[in-house]
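Below is one structure, written out as structure tokens, with a few remarks after it.
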Amino acid sequence: MMKWSSSSSGDRVRLLCSALGLAVLAPYLECLFRHTCMGGHLCVEHGPYTIWPYANDAVWVMLLPAVAVMCWWSNMYGKQIFSLALLFLVATNLNIMTGILPSWWQVYPKGLWISVLAAVGIPFVGLFIGGRAGRFVAPESDRARTRRVMLVGIGVVAGVMCFMLGLLSGERQRELAEQRNLRGRVGMLLTTYKAVESTNWGRAHNEVGKQLLDAMRDYQSRFGIEKGTNRYTRMFSEALAIADAVERQALSEELAQSNLLHQLRIDPTTGLPLDPTNEDTSLPVPIDPATGLPIPDEPEAQK
């Protein structure tokens, strides 16, 4: 491997892109195989997450497009294939994370693995050899070219960062709107539950309680438990207590029903459950072995 100070601009960019390309594949594969799942990127069911998964994503989201653009100013062998492979990897994970690509976009495992192999093999070769420049380049212009390529890479990183911040901001605004709507639904159901509780409408009371339970569990799974001292936090605590009571009552009723089903006896002839109040609890009638007929009970006087 040649020294950085004695290399040309194409060699410098090649060494930089090769090193960055190999280094950034580690956080990319970490994202692809560790915390991206069928439920969506960083889905709620697998949380809560620390800051490191998000920092891991920020590294590869910014550096992969920058390396894919900067390598075009290098003398790397197969730089076109390397650039397209990196862009395909970025598009694959971004589609898994956000779903912003069109519906016809499909991730083919074979294409993904080919892109990973190209993204590993080409920069590994680029660490040691590169194509020769076809003409002499003056040292001053050579250094200026290196600086321009570095500025292009920084510009790509800044553009990708702004795009991701805008995307996350829009996602956050949508989540806040959904949270406000869900808060309103919880408040409405809580007020209705209290109003129906004072009446003798048992069926309506149970139905509103089930809806409140579903709304509270949905809110908890998406936004967690409210903390603080504001008015909604107090209402949330009250609604959560009612939802827990409704859930315990439903579980107890389900358990009692299950025990009742286990206690029922089935008529082998009709397949219907037997009424325990109508079951014949008398002793079995003895059978005469000679005639096969039931032996009648003897009167008490003859005994």
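Quick note on naming: the chains in the structure tokens go A, B, ... in the order shown, residues restart at 1 in each chain, and ligands are numbered from 1 in order of appearance.
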List the spatial neighbours of Ala195 in chain A as a ChimeraX atom specification - criterion: any atom at most 12 Å away, only C-alpha atoms, same-chain residues fewer than 4 positions off excluded. /A:188-191,199-201,204-205,208-209
Please save N, CA and C atoms of the selected residues as an mmCIF file, in the first residue's frame.
data_model
loop_
_atom_site.group_PDB
_atom_site.id
_atom_site.type_symbol
_atom_site.label_atom_id
_atom_site.label_comp_id
_atom_site.auth_asym_id
_atom_site.auth_seq_id
_atom_site.Cartn_x
_atom_site.Cartn_y
_atom_site.Cartn_z
ATOM 1 N N MET A 188 -62.924 10.337 26.158
ATOM 2 C CA MET A 188 -64.345 10.149 25.871
ATOM 3 C C MET A 188 -64.858 8.836 26.454
ATOM 4 N N LEU A 189 -64.070 7.763 26.309
ATOM 5 C CA LEU A 189 -64.494 6.471 26.854
ATOM 6 C C LEU A 189 -64.520 6.485 28.380
ATOM 7 N N LEU A 190 -63.579 7.190 28.999
ATOM 8 C CA LEU A 190 -63.576 7.273 30.455
ATOM 9 C C LEU A 190 -64.810 8.004 30.965
ATOM 10 N N THR A 191 -65.178 9.111 30.312
ATOM 11 C CA THR A 191 -66.376 9.843 30.708
ATOM 12 C C THR A 191 -67.629 9.001 30.501
ATOM 13 N N THR A 199 -75.773 3.643 36.168
ATOM 14 C CA THR A 199 -77.061 3.138 35.675
ATOM 15 C C THR A 199 -77.106 1.628 35.848
ATOM 16 N N ASN A 200 -78.227 1.041 35.443
ATOM 17 C CA ASN A 200 -78.371 -0.416 35.500
ATOM 18 C C ASN A 200 -78.199 -1.058 34.125
ATOM 19 N N TRP A 201 -77.488 -0.370 33.238
ATOM 20 C CA TRP A 201 -77.245 -0.909 31.899
ATOM 21 C C TRP A 201 -75.971 -1.757 31.950
ATOM 22 N N ALA A 204 -74.187 -2.358 28.432
ATOM 23 C CA ALA A 204 -73.496 -1.170 27.926
ATOM 24 C C ALA A 204 -72.258 -0.874 28.758
ATOM 25 N N HIS A 205 -72.352 -1.087 30.068
ATOM 26 C CA HIS A 205 -71.216 -0.857 30.945
ATOM 27 C C HIS A 205 -70.049 -1.780 30.592
ATOM 28 N N VAL A 208 -68.488 -0.676 27.089
ATOM 29 C CA VAL A 208 -67.633 0.519 27.195
ATOM 30 C C VAL A 208 -66.338 0.174 27.922
ATOM 31 N N GLY A 209 -66.405 -0.686 28.936
ATOM 32 C CA GLY A 209 -65.193 -1.102 29.640
ATOM 33 C C GLY A 209 -64.225 -1.842 28.732
#
Write out, as a tab-separated table, each residue of range 108-199 of chain A that has an atom at most 12 Å from range 51-70 of chain A, together with the closest pair of atoms and their distance in Å to one decimal, counting only C-alpha atoms, rows going by chain and rising number.
residue	atom	partner	partner_atom	distance
A:Ala119	CA	A:Ala68	CA	10.0
A:Pro123	CA	A:Val67	CA	10.6
A:Arg145	CA	A:Met70	CA	11.5
A:Thr146	CA	A:Met70	CA	10.1
A:Arg147	CA	A:Met70	CA	11.3
A:Arg148	CA	A:Met70	CA	9.9
A:Val149	CA	A:Met70	CA	6.2
A:Met150	CA	A:Met70	CA	7.7
A:Leu151	CA	A:Met70	CA	9.5
A:Val152	CA	A:Met70	CA	7.0
A:Gly153	CA	A:Ala66	CA	4.9
A:Ile154	CA	A:Ala66	CA	7.4
A:Gly155	CA	A:Ala66	CA	8.3
A:Val156	CA	A:Ala66	CA	5.4
A:Val157	CA	A:Met62	CA	5.0
A:Ala158	CA	A:Met62	CA	7.9
A:Gly159	CA	A:Met62	CA	8.6
A:Val160	CA	A:Met62	CA	5.8
A:Met161	CA	A:Met62	CA	6.5
A:Cys162	CA	A:Met62	CA	10.0
A:Phe163	CA	A:Met62	CA	10.1
A:Met164	CA	A:Val61	CA	8.5
A:Leu165	CA	A:Ala58	CA	10.4
A:Leu168	CA	A:Tyr54	CA	11.6
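Put simply, CA of Val13 in chain A is 23.9 Å away from CA of Leu29 in chain A.
Put simply, CA of Pro27 in chain A is 26.5 Å away from CA of Gly10 in chain A.
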Contact residues around Ser115 in chain A with only C-alpha atoms at 9 Å, ignoring same-chain residues under 5 positions, as a ChimeraX atom specification: /A:81-82,84-86,88-89,110,120
Export N, CA and C atoms of the chosen residues as a CSV table (one decimal), in the first residue's frame?
chain,number,residue,atom,x,y,z
A,81,ILE,N,-19.5,-0.3,-10.3
A,81,ILE,CA,-20.3,-1.4,-9.6
A,81,ILE,C,-20.3,-1.2,-8.1
A,82,PHE,N,-19.2,-0.7,-7.5
A,82,PHE,CA,-19.1,-0.4,-6.1
A,82,PHE,C,-20.1,0.6,-5.7
A,84,LEU,N,-23.0,1.5,-7.3
A,84,LEU,CA,-24.3,1.0,-7.5
A,84,LEU,C,-24.7,0.0,-6.4
A,85,ALA,N,-23.7,-0.8,-6.0
A,85,ALA,CA,-24.0,-1.7,-4.9
A,85,ALA,C,-24.3,-1.0,-3.6
A,86,LEU,N,-23.5,0.0,-3.3
A,86,LEU,CA,-23.8,0.8,-2.1
A,86,LEU,C,-25.1,1.5,-2.1
A,88,PHE,N,-27.7,0.5,-3.8
A,88,PHE,CA,-28.8,-0.5,-3.6
A,88,PHE,C,-28.9,-0.9,-2.2
A,89,LEU,N,-27.8,-1.1,-1.4
A,89,LEU,CA,-27.9,-1.4,0.0
A,89,LEU,C,-28.6,-0.3,0.8
A,110,LYS,N,-31.1,-12.6,-3.2
A,110,LYS,CA,-29.9,-12.9,-4.1
A,110,LYS,C,-29.2,-11.5,-4.5
A,120,VAL,N,-17.8,-5.5,-0.4
A,120,VAL,CA,-16.7,-6.0,0.4
A,120,VAL,C,-15.5,-6.2,-0.5
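Within the 10 Å cut-off around Gln179 in chain A, using only C-alpha atoms and omitting residues fewer than 5 positions from it on the same chain, the listed residues are Gln173, Arg174, Gly184, Arg185, Tyr219, Arg222 and Phe223 of chain A.
When only C-alpha atoms are used to compute distances to Thr233 in chain A, the closest of the residues A:Ala26, A:Ser74, A:Val186, A:Glu247 turns out to be A:Val186.
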When distances are computed from only C-alpha atoms, which of A:Pro109, A:Val116, A:Asp11, A:Arg172 shows the smallest separation from Val24 in chain A? A:Val116
